[in-house]
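So this one's query-v1.cif, mmCIF, C-alpha atoms:
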```cif
data_run
loop_
_atom_site.label_atom_id
_atom_site.label_comp_id
_atom_site.auth_asym_id
_atom_site.auth_seq_id
_atom_site.Cartn_x
_atom_site.Cartn_y
_atom_site.Cartn_z
CA MET A 1 -19.94 -52.28 378.83
CA ILE A 2 -22.61 -54.92 379.50
CA TYR A 3 -21.30 -58.30 380.62
CA GLU A 4 -23.19 -61.58 380.47
CA ARG A 5 -22.72 -62.90 383.98
CA TYR A 6 -22.06 -66.54 384.76
CA LEU A 7 -24.46 -66.71 387.70
CA ASN A 8 -27.88 -67.85 386.46
CA LEU A 9 -30.57 -66.39 388.73
CA PRO A 10 -33.63 -68.09 387.14
CA LYS A 11 -31.93 -71.47 387.53
CA LEU A 12 -30.89 -70.63 391.08
CA LEU A 13 -34.42 -69.61 392.07
CA LYS A 14 -36.21 -72.51 390.42
CA ASN A 15 -36.72 -74.45 393.65
CA LYS A 16 -35.66 -72.15 396.49
CA SER A 17 -35.50 -68.57 397.72
CA PHE A 18 -31.99 -67.12 397.95
CA PHE A 19 -29.93 -64.46 399.63
CA LEU A 20 -27.59 -62.97 397.03
CA PHE A 21 -24.64 -61.27 398.69
CA GLY A 22 -21.89 -59.37 396.96
CA ALA A 23 -19.66 -56.39 397.60
CA ARG A 24 -20.87 -53.01 396.41
CA SER A 25 -20.57 -52.46 392.64
CA THR A 26 -20.17 -56.11 391.68
CA GLY A 27 -23.33 -55.71 389.56
CA LYS A 28 -26.19 -57.26 391.54
CA THR A 29 -28.84 -54.76 390.43
CA THR A 30 -27.76 -54.93 386.78
CA LEU A 31 -27.86 -58.72 386.92
CA ILE A 32 -31.36 -58.76 388.39
CA LYS A 33 -32.74 -56.38 385.75
CA ALA A 34 -31.17 -58.44 382.96
CA GLN A 35 -32.20 -61.90 384.18
CA LEU A 36 -35.43 -61.25 386.12
CA PRO A 37 -37.28 -58.62 384.08
CA LYS A 38 -40.72 -59.70 385.39
CA ALA A 39 -39.79 -59.81 389.07
CA LYS A 40 -41.32 -57.35 391.53
CA ILE A 41 -38.43 -55.33 392.98
CA TYR A 42 -38.38 -53.46 396.29
CA ASP A 43 -35.26 -51.31 396.35
CA LEU A 44 -34.52 -50.34 399.95
CA LEU A 45 -32.14 -47.62 398.78
CA ASP A 46 -35.31 -45.83 397.64
CA SER A 47 -36.32 -43.81 400.71
CA GLU A 48 -40.03 -44.00 399.90
CA ILE A 49 -39.99 -47.78 399.54
CA PHE A 50 -37.87 -48.11 402.68
CA SER A 51 -40.30 -45.94 404.67
CA THR A 52 -43.32 -47.87 403.40
CA LEU A 53 -41.91 -51.29 404.30
CA LEU A 54 -40.62 -50.03 407.62
CA LYS A 55 -44.14 -48.98 408.61
CA ARG A 56 -46.14 -51.70 406.85
CA PRO A 57 -44.22 -54.76 405.64
CA LYS A 58 -47.59 -56.37 404.80
CA VAL A 59 -47.66 -54.07 401.75
CA ILE A 60 -45.74 -56.82 399.96
CA GLU A 61 -48.61 -59.27 400.45
CA GLU A 62 -51.26 -56.67 399.62
CA GLN A 63 -49.59 -55.72 396.34
CA LEU A 64 -49.15 -59.38 395.44
CA LEU A 65 -52.82 -60.14 395.96
CA ASP A 66 -53.82 -57.03 394.00
CA THR A 67 -52.08 -58.31 390.88
CA HIS A 68 -52.15 -62.12 391.15
CA LYS A 69 -54.51 -64.88 392.11
CA VAL A 70 -53.46 -66.95 395.10
CA ASP A 71 -52.82 -70.05 392.98
CA GLN A 72 -50.36 -68.03 390.83
CA LEU A 73 -48.20 -66.82 393.70
CA LYS A 74 -46.02 -69.93 393.79
CA ASN A 75 -44.53 -68.85 390.45
CA GLN A 76 -43.82 -65.25 391.49
CA ILE A 77 -40.37 -63.89 392.22
CA ILE A 78 -39.99 -60.95 394.58
CA VAL A 79 -36.67 -59.13 394.91
CA ILE A 80 -35.79 -57.10 397.99
CA ASP A 81 -32.64 -55.19 397.13
CA GLU A 82 -30.20 -54.16 399.90
CA VAL A 83 -32.16 -56.16 402.46
CA GLN A 84 -29.59 -55.48 405.19
CA LYS A 85 -31.03 -51.95 405.38
CA LEU A 86 -34.22 -53.37 406.93
CA PRO A 87 -33.61 -56.82 408.48
CA THR A 88 -37.03 -56.80 410.17
CA VAL A 89 -38.72 -57.22 406.77
CA LEU A 90 -37.45 -60.80 406.83
CA ASP A 91 -40.19 -61.72 409.28
CA GLU A 92 -42.71 -60.89 406.56
CA VAL A 93 -40.63 -62.71 403.95
CA HIS A 94 -40.60 -65.77 406.20
CA ARG A 95 -44.40 -65.61 406.55
CA LEU A 96 -45.03 -65.25 402.81
CA ILE A 97 -42.70 -68.13 401.94
CA GLU A 98 -44.60 -70.33 404.38
CA LYS A 99 -48.08 -69.12 403.39
CA TYR A 100 -47.85 -68.82 399.59
CA LYS A 101 -44.57 -70.54 398.63
CA VAL A 102 -43.48 -67.26 397.00
CA THR A 103 -39.86 -67.18 395.83
CA PHE A 104 -37.70 -64.35 397.15
CA LEU A 105 -34.33 -63.04 396.05
CA LEU A 106 -32.87 -61.01 398.90
CA THR A 107 -29.80 -59.06 397.92
CA GLY A 108 -27.26 -57.20 399.99
CA SER A 109 -23.67 -56.15 400.44
CA SER A 110 -23.55 -57.16 404.10
CA ALA A 111 -24.75 -60.16 406.04
CA ARG A 112 -23.76 -58.56 409.34
CA LYS A 113 -26.94 -56.67 410.15
CA ILE A 114 -29.09 -59.62 409.08
CA LYS A 115 -27.24 -61.98 411.40
CA ARG A 116 -27.54 -59.49 414.23
CA GLY A 117 -31.26 -59.12 413.54
CA GLY A 118 -31.91 -62.54 415.03
CA VAL A 119 -33.49 -64.05 411.91
CA ASN A 120 -30.45 -66.21 411.12
CA LEU A 121 -30.89 -66.03 407.35
CA LEU A 122 -34.47 -67.36 407.57
CA ALA A 123 -33.34 -70.62 409.21
CA GLY A 124 -32.72 -72.45 405.95
CA ARG A 125 -35.81 -71.22 404.10
CA ALA A 126 -33.50 -69.30 401.79
CA TRP A 127 -30.09 -70.49 400.66
CA GLN A 128 -27.12 -68.24 400.01
CA ALA A 129 -25.27 -67.30 396.82
CA GLU A 130 -22.64 -64.68 396.06
CA LEU A 131 -21.81 -62.39 393.17
CA PHE A 132 -18.12 -61.72 392.61
CA PRO A 133 -16.21 -59.24 390.48
CA LEU A 134 -15.95 -60.15 386.80
CA ILE A 135 -14.38 -63.50 385.98
CA THR A 136 -12.57 -64.53 382.82
CA ALA A 137 -15.58 -66.52 381.59
CA GLU A 138 -17.60 -63.27 381.47
CA ILE A 139 -15.09 -61.11 379.57
CA ASN A 140 -14.58 -61.25 375.81
CA ASN A 141 -10.98 -60.71 374.69
CA PHE A 142 -9.76 -60.96 378.27
CA ASP A 143 -6.61 -58.92 378.98
CA LEU A 144 -4.64 -60.34 381.92
CA LEU A 145 -2.36 -57.35 382.44
CA ALA A 146 -5.33 -54.96 382.32
CA TYR A 147 -7.18 -57.07 384.88
CA LEU A 148 -4.19 -57.21 387.23
CA ASN A 149 -4.01 -53.42 387.12
CA THR A 150 -7.68 -52.43 387.27
CA GLY A 151 -9.35 -55.39 388.93
CA GLY A 152 -12.71 -56.94 388.07
CA LEU A 153 -15.36 -54.48 389.19
CA PRO A 154 -17.48 -53.86 386.06
CA GLN A 155 -16.98 -50.08 386.14
CA SER A 156 -13.20 -50.42 386.62
CA TYR A 157 -11.98 -53.29 384.44
CA ASN A 158 -9.79 -52.05 381.60
CA ASN A 159 -11.09 -48.53 382.14
CA SER A 160 -8.80 -45.54 381.59
CA PHE A 161 -10.45 -43.92 384.62
CA ALA A 162 -10.07 -47.01 386.81
CA ALA A 163 -7.87 -45.24 389.38
CA GLU A 164 -10.58 -42.61 389.95
CA GLU A 165 -13.27 -45.28 390.20
CA LEU A 166 -11.23 -47.26 392.72
CA ARG A 167 -10.36 -44.22 394.84
CA SER A 168 -14.04 -43.32 394.97
CA TYR A 169 -14.97 -46.88 395.87
CA VAL A 170 -12.59 -47.00 398.83
CA SER A 171 -13.83 -43.72 400.29
CA THR A 172 -17.47 -44.62 399.65
CA TYR A 173 -17.03 -47.95 401.37
CA LEU A 174 -15.55 -46.41 404.49
CA ARG A 175 -18.30 -43.81 404.64
CA GLU A 176 -21.36 -45.87 403.70
CA GLU A 177 -20.67 -49.45 404.72
CA VAL A 178 -18.70 -48.88 407.90
CA GLN A 179 -19.79 -45.52 409.25
CA ALA A 180 -23.44 -45.44 408.15
CA GLU A 181 -24.09 -48.99 409.36
CA ALA A 182 -22.08 -48.37 412.55
CA LEU A 183 -20.08 -51.53 412.00
CA THR A 184 -17.26 -50.00 414.02
CA ARG A 185 -17.19 -46.91 416.19
CA ASN A 186 -13.49 -46.20 415.73
CA LEU A 187 -13.42 -45.30 412.05
CA SER A 188 -9.85 -44.00 412.21
CA ALA A 189 -8.52 -47.28 413.59
CA PHE A 190 -10.52 -49.22 411.02
CA ALA A 191 -9.09 -47.07 408.23
CA SER A 192 -5.58 -47.88 409.49
CA PHE A 193 -6.53 -51.55 409.54
CA ILE A 194 -7.75 -51.40 405.92
CA ASP A 195 -4.38 -50.01 404.83
CA ALA A 196 -2.52 -52.62 406.89
CA ILE A 197 -4.58 -55.57 405.63
CA ALA A 198 -3.93 -54.47 402.05
CA LEU A 199 -0.18 -54.53 402.74
CA ALA A 200 -0.61 -57.98 404.28
CA ASN A 201 -2.73 -59.27 401.39
CA ALA A 202 -1.98 -62.95 400.63
CA ARG A 203 0.30 -63.27 403.66
CA GLU A 204 -0.10 -65.18 406.90
CA ILE A 205 -1.42 -62.92 409.63
CA ASN A 206 0.26 -62.58 413.00
CA PHE A 207 -2.63 -61.10 414.96
CA ASP A 208 -0.54 -59.66 417.77
CA SER A 209 1.85 -57.91 415.41
CA LEU A 210 -0.83 -56.55 413.06
CA ALA A 211 -3.01 -55.44 415.97
CA SER A 212 -0.06 -53.50 417.38
CA ASP A 213 0.53 -51.83 414.00
CA CYS A 214 -3.14 -50.75 413.92
CA GLY A 215 -3.20 -49.61 417.54
CA VAL A 216 -5.99 -52.02 418.53
CA SER A 217 -6.31 -55.23 420.52
CA PRO A 218 -6.02 -58.66 418.82
CA MET A 219 -9.72 -59.23 419.58
CA THR A 220 -10.65 -55.96 417.85
CA LEU A 221 -8.47 -56.96 414.90
CA LYS A 222 -10.35 -60.26 414.58
CA ASN A 223 -13.61 -58.30 414.64
CA TYR A 224 -12.32 -56.05 411.84
CA ILE A 225 -11.42 -59.07 409.73
CA GLN A 226 -14.92 -60.45 410.34
CA ILE A 227 -16.35 -57.12 409.17
CA LEU A 228 -14.47 -57.53 405.87
CA SER A 229 -15.88 -61.02 405.49
CA ASP A 230 -19.45 -59.99 406.37
CA THR A 231 -19.36 -57.07 403.93
CA MET A 232 -17.92 -59.33 401.20
CA LEU A 233 -14.76 -57.24 400.97
CA GLY A 234 -12.33 -59.87 402.14
CA PHE A 235 -11.87 -63.56 402.74
CA SER A 236 -9.49 -65.91 404.51
CA LEU A 237 -7.65 -69.05 403.46
CA PRO A 238 -7.14 -71.27 406.51
CA GLY A 239 -4.07 -73.44 406.75
CA PHE A 240 -4.47 -77.11 405.77
CA THR A 241 -3.29 -79.09 408.80
CA LYS A 242 -3.94 -82.75 408.00
CA THR A 243 -0.38 -83.60 406.95
CA LYS A 244 1.52 -86.07 409.15
CA LYS A 245 5.03 -86.32 407.75
CA ARG A 246 5.52 -82.57 407.74
CA LYS A 247 3.90 -80.49 410.46
CA ALA A 248 1.72 -77.75 408.99
CA ILE A 249 1.26 -74.10 409.94
CA SER A 250 -2.33 -73.30 410.94
CA ARG A 251 -2.33 -69.50 410.55
CA ALA A 252 -4.70 -68.14 407.92
CA LYS A 253 -3.89 -65.95 404.94
CA HIS A 254 -6.19 -63.02 404.22
CA TYR A 255 -7.17 -61.52 400.88
CA LEU A 256 -9.23 -58.56 399.70
CA PHE A 257 -12.02 -59.46 397.30
CA ASP A 258 -10.74 -57.53 394.26
CA ILE A 259 -7.26 -56.95 392.85
CA GLY A 260 -8.03 -53.38 391.80
CA ILE A 261 -9.12 -52.44 395.34
CA THR A 262 -5.98 -54.11 396.70
CA ASN A 263 -3.82 -52.13 394.27
CA GLN A 264 -5.50 -48.87 395.29
CA LEU A 265 -5.06 -49.44 399.02
CA TYR A 266 -1.54 -50.80 398.57
CA GLN A 267 -0.61 -47.87 396.28
CA ARG A 268 1.15 -50.36 394.04
CA GLY A 269 1.42 -48.22 390.93
CA GLU A 270 1.42 -49.84 387.50
CA ILE A 271 1.86 -53.59 387.44
CA LYS A 272 4.20 -54.66 384.67
CA SER A 273 4.92 -58.10 383.24
CA GLU A 274 7.65 -60.17 384.92
CA SER A 275 7.74 -57.94 388.01
CA GLU A 276 7.31 -59.05 391.63
CA LEU A 277 4.04 -57.12 391.76
CA PHE A 278 2.85 -59.06 388.72
CA GLY A 279 3.53 -62.35 390.50
CA ASN A 280 1.62 -61.29 393.61
CA ALA A 281 -1.38 -60.02 391.67
CA TYR A 282 -1.35 -63.09 389.38
CA GLU A 283 -1.58 -65.44 392.37
CA HIS A 284 -4.44 -63.37 393.81
CA PHE A 285 -6.20 -63.48 390.42
CA ILE A 286 -6.08 -67.28 390.14
CA ILE A 287 -7.30 -67.74 393.71
CA ASN A 288 -10.19 -65.33 393.09
CA GLU A 289 -11.20 -67.28 389.97
CA VAL A 290 -11.22 -70.60 391.83
CA ARG A 291 -13.15 -69.05 394.72
CA ALA A 292 -15.79 -67.71 392.33
CA TRP A 293 -16.04 -71.06 390.56
CA ILE A 294 -16.54 -72.91 393.87
CA SER A 295 -19.45 -70.59 394.71
CA TYR A 296 -21.10 -70.44 391.28
CA SER A 297 -20.91 -74.20 390.75
CA ARG A 298 -22.19 -74.94 394.29
CA ALA A 299 -19.17 -77.21 394.83
CA TYR A 300 -19.07 -76.70 398.63
CA ASP A 301 -15.45 -77.76 399.17
CA ASN A 302 -13.36 -75.59 401.47
CA LEU A 303 -10.43 -73.63 400.10
CA THR A 304 -7.19 -73.76 402.08
CA TYR A 305 -3.46 -73.40 401.55
CA TRP A 306 -0.62 -75.56 402.93
CA ARG A 307 2.68 -74.58 404.43
CA SER A 308 4.92 -76.84 406.46
CA THR A 309 7.08 -75.64 409.34
CA SER A 310 10.04 -76.45 407.07
CA MET A 311 8.61 -73.87 404.60
CA PHE A 312 7.31 -76.10 401.84
CA GLU A 313 4.15 -74.47 400.50
CA VAL A 314 1.21 -75.03 398.14
CA ASP A 315 -0.86 -71.96 397.32
CA LEU A 316 -4.36 -73.42 397.13
CA LEU A 317 -6.18 -76.64 397.97
CA ILE A 318 -9.75 -77.44 396.91
CA GLY A 319 -10.90 -79.74 399.67
CA GLN A 320 -8.73 -82.83 399.35
CA LYS A 321 -9.41 -83.09 395.63
CA VAL A 322 -6.98 -80.64 393.99
CA ALA A 323 -3.72 -79.03 395.09
CA ILE A 324 -2.72 -75.97 393.05
CA GLU A 325 0.60 -74.13 392.97
CA ILE A 326 0.60 -70.77 391.17
CA LYS A 327 3.78 -69.52 389.51
CA ALA A 328 4.28 -66.49 387.27
CA THR A 329 7.01 -68.22 385.29
CA LYS A 330 7.17 -69.03 381.59
CA LEU A 331 9.13 -72.21 382.22
CA VAL A 332 8.24 -74.46 385.14
CA GLN A 333 11.31 -76.18 386.57
CA ASP A 334 11.87 -78.76 389.31
CA LYS A 335 12.40 -76.02 391.90
CA HIS A 336 8.84 -74.82 391.32
CA LEU A 337 7.44 -78.28 392.10
CA LYS A 338 8.99 -78.78 395.56
CA GLY A 339 5.87 -77.78 397.47
CA LEU A 340 3.54 -79.98 395.45
CA ARG A 341 5.92 -82.94 395.66
CA SER A 342 6.27 -82.55 399.42
CA LEU A 343 2.50 -82.51 399.83
CA LYS A 344 2.16 -85.40 397.38
CA GLU A 345 4.20 -87.60 399.72
CA GLU A 346 1.31 -87.41 402.21
CA GLN A 347 -1.05 -89.10 399.71
CA LEU A 348 -3.97 -86.95 400.86
CA ILE A 349 -4.90 -85.09 397.66
CA GLU A 350 -6.25 -86.56 394.43
CA ARG A 351 -4.77 -84.18 391.82
CA TYR A 352 -1.71 -81.91 391.69
CA ILE A 353 -1.54 -78.91 389.37
CA ILE A 354 0.80 -76.00 388.77
CA VAL A 355 -0.67 -72.97 386.98
CA SER A 356 1.96 -70.98 385.12
CA LEU A 357 2.70 -68.77 382.13
CA ASP A 358 3.93 -71.79 380.14
CA ARG A 359 2.56 -72.04 376.62
CA GLU A 360 1.84 -75.79 376.61
CA LYS A 361 0.18 -78.22 378.99
CA LYS A 362 2.50 -80.94 380.27
CA THR A 363 2.47 -83.73 382.83
CA THR A 364 5.53 -84.67 384.85
CA GLU A 365 6.62 -88.27 385.39
CA ASP A 366 5.12 -88.23 388.88
CA GLY A 367 1.73 -86.97 387.64
CA ILE A 368 1.83 -83.22 388.31
CA VAL A 369 0.01 -81.31 385.56
CA ILE A 370 1.64 -78.09 384.33
CA TYR A 371 -1.14 -75.84 383.07
CA PRO A 372 -0.93 -72.60 381.06
CA TRP A 373 -3.20 -70.24 382.98
CA GLU A 374 -5.63 -69.70 380.09
CA MET A 375 -6.13 -73.44 379.63
CA PHE A 376 -6.45 -73.97 383.37
CA LEU A 377 -9.24 -71.39 383.65
CA LYS A 378 -11.00 -72.74 380.58
CA ASP A 379 -10.96 -76.23 382.08
CA LEU A 380 -11.96 -74.86 385.50
CA TRP A 381 -15.08 -73.12 384.16
CA SER A 382 -16.01 -76.13 382.04
CA GLY A 383 -15.79 -78.42 385.10
CA LYS A 384 -12.73 -80.42 384.05
CA ILE A 385 -10.43 -79.47 386.93
CA TYR A 386 -12.71 -80.58 389.72
CA ARG A 387 -14.02 -84.04 389.14
#
```

Would you give me this structure, written as structure tokens?
Amino acid sequence: MIYERYLNLPKLLKNKSFFLFGARSTGKTTLIKAQLPKAKIYDLLDSEIFSTLLKRPKVIEEQLLDTHKVDQLKNQIIVIDEVQKLPTVLDEVHRLIEKYKVTFLLTGSSARKIKRGGVNLLAGRAWQAELFPLITAEINNFDLLAYLNTGGLPQSYNNSFAAEELRSYVSTYLREEVQAEALTRNLSAFASFIDAIALANAREINFDSLASDCGVSPMTLKNYIQILSDTMLGFSLPGFTKTKKRKAISRAKHYLFDIGITNQLYQRGEIKSESELFGNAYEHFIINEVRAWISYSRAYDNLTYWRSTSMFEVDLLIGQKVAIEIKATKLVQDKHLKGLRSLKEEQLIERYIIVSLDREKKTTEDGIVIYPWEMFLKDLWSGKIYR
């Protein structure tokens, strides 16, 4: 299945070079071939290309000048795929951007090696974008239950062999991303951490307790969580702490990047409608959609969640513009609005929304909008939620 992706690379690259990061198998290479058919591509997974650029990075300039006049180079796009395999090539990229104003798209599944290479993402000469698993706006005839079971990786979504694909992905990740790049020396401990973080998905993390479960120090645990972030396989939601009337909890929640991968590591089994597993996966799904929208739209607001010490909670905040509660219920009642109403008393957030399985959009007397999830996502991707 070929999907038309929401991220528009030609538009992105119109005025600036970019790093494009995304977890393995999110479709970066497919996207590049579809949207940048005339770009010159250096695939560092190709051993011959890797060896050539390792020895002589100036080959990029030489090949450019062989095929283009100098005054044409400003309009050329060069793609270096899996750039984290050879961070030193970024010195040459830096030079060519400065000398010829060439536009580069530098893709990778890990920012960790690049950061450690001392180039610091080209010091602002290239901005950063991300590619996520499939979103609802990219899927015709979207099937929510299928997505909650198989996740959004293009080769897994609504695929009868999704379990095999996901099992292979998990083992490939541990072997290639962690071991081959030497991101951690203790692969066994990291494997235990991966299982533990899947079980703790969408929950607040007690570092001391989780570190003990994994048999590592709290500092090592924090490093493991950073590895997930750097390899695009996980993300954190910090606690929103600006409330005054009700003291807030500051601990972060942690999520894996894809529901299908989470299911595989968690060994959840089939997710059925109206089950507790459905509710957990549904919340994860909505958060992933908002996170992707924030990135693709270049909105720049931080995502957080809010929980008071008295246990009132709101699942997701977009900056101080929108507070979102996520409920897998077909009929929103007053009890589902307690968290939003408690936060609303602080008068810090502009809009309050609950995303549910209700069939109709409604607004309460105190201004909380009850959204059916399909309508919420349609309005999100058309820019009507965040204004």

Residue by residue, what does the PyMOL selection byres ((chain A and resi 385) around 10) grab here? Present the result as number ranges by chain. A: 321-322, 351, 353, 376-384, 386-387

I need the residue nearest Ser297 (chain A) from this list: A:Ala129, A:Asn149, A:Arg268, A:Leu65. Use all atoms listed in the file for the distance.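 Of A:Ala129, A:Asn149, A:Arg268, A:Leu65, the one nearest Ser297 (chain A), counting all atoms listed in the file, is A:Ala129.
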
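Between CA of His254 (chain A) and CA of Met232 (chain A) the separation is 12.7 Å.
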
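For the choices A:Ile225, A:Ala328, A:Leu53, A:Tyr173, the atom-to-atom distance to Ala196 (chain A) is smallest for A:Ile225 when using all atoms listed in the file.
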
Pull the neighbourhood of (-30.9, -66.2, 389.5) for me: all residues within 10 Å in file coordinates, counting only C-alpha atoms, as an MDAnalysis selection string. chainID A and resid 7:14 17:18 20 31:32 35:36 105 129

Got a sec: who's within 8 Å of Tyr352 (chain A), counting all atoms listed in the file, leaving out chain neighbours fewer than 6 positions off, as an MDAnalysis selection string? chainID A and resid 322:324 340 344 367:369

With the file shown as input, list the residues that the PyMOL selection byres ((chain A and resi 88) around 9) selects, as a PyMOL selection string. chain A and resi 54+57+86-87+89-92+114+117+119

Would you list the contacts of Lys338 (chain A) as a PyMOL selection string, taking every protein, DNA or RNA residue within 12 Å and counting only C-alpha atoms, but skipping same-chain residues closer than 4 positions in sequence? chain A and resi 307-308+310-314+325+332-334+342-345+352+354+368

For the selection you just gave me, I'd like the residues written to a file as a CSV table (one decimal), in the coordinates of the input, keeping C-alpha atoms.
```
chain,number,residue,atom,x,y,z
A,307,ARG,CA,2.7,-74.6,404.4
A,308,SER,CA,4.9,-76.8,406.5
A,310,SER,CA,10.0,-76.4,407.1
A,311,MET,CA,8.6,-73.9,404.6
A,312,PHE,CA,7.3,-76.1,401.8
A,313,GLU,CA,4.2,-74.5,400.5
A,314,VAL,CA,1.2,-75.0,398.1
A,325,GLU,CA,0.6,-74.1,393.0
A,332,VAL,CA,8.2,-74.5,385.1
A,333,GLN,CA,11.3,-76.2,386.6
A,334,ASP,CA,11.9,-78.8,389.3
A,342,SER,CA,6.3,-82.6,399.4
A,343,LEU,CA,2.5,-82.5,399.8
A,344,LYS,CA,2.2,-85.4,397.4
A,345,GLU,CA,4.2,-87.6,399.7
A,352,TYR,CA,-1.7,-81.9,391.7
A,354,ILE,CA,0.8,-76.0,388.8
A,368,ILE,CA,1.8,-83.2,388.3
```

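The residue that comes closest to Phe285 (chain A), out of A:Ile249, A:Ile259, A:Ile41, A:Ile197 and on the basis of all atoms listed in the file, is A:Ile259.
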
From the options A:Asn75, A:Asn263, A:Asn280, A:Thr136, which residue's atoms come nearest to Gly151 (chain A), counting all atoms listed in the file?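 The shortest atom-to-atom distance to Gly151 (chain A) comes from A:Asn263.
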
Looking at all atoms listed in the file, which of A:Val290, A:Ala198, A:Val170, A:Val102 is the one that sits closest to Trp373 (chain A)?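 So, comparing all the options, the nearest one is A:Val290.
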
Given the file above and the PyMOL selection byres ((chain A and resi 222) around 12), which residues are selected, and can you give them as a ChimeraX atom specification? /A:190,193,197,205-208,210-211,214,216-221,223-229,236,252,254

Sel. within 10 Å of pt (-48.9, -64.7, 392.6), counting all atoms listed in the file, output as a list in words: Glu61, Gln63, Leu64, Leu65, Asp66, Thr67, His68, Lys69, Val70, Asp71, Gln72, Leu73, Lys74, Asn75, Gln76, Ile77, Ile78, Tyr100, Lys101, Val102 and Thr103 of chain A

Computed gap from CA of Thr29 (chain A) to CA of Asp43 (chain A) is 9.4 Å
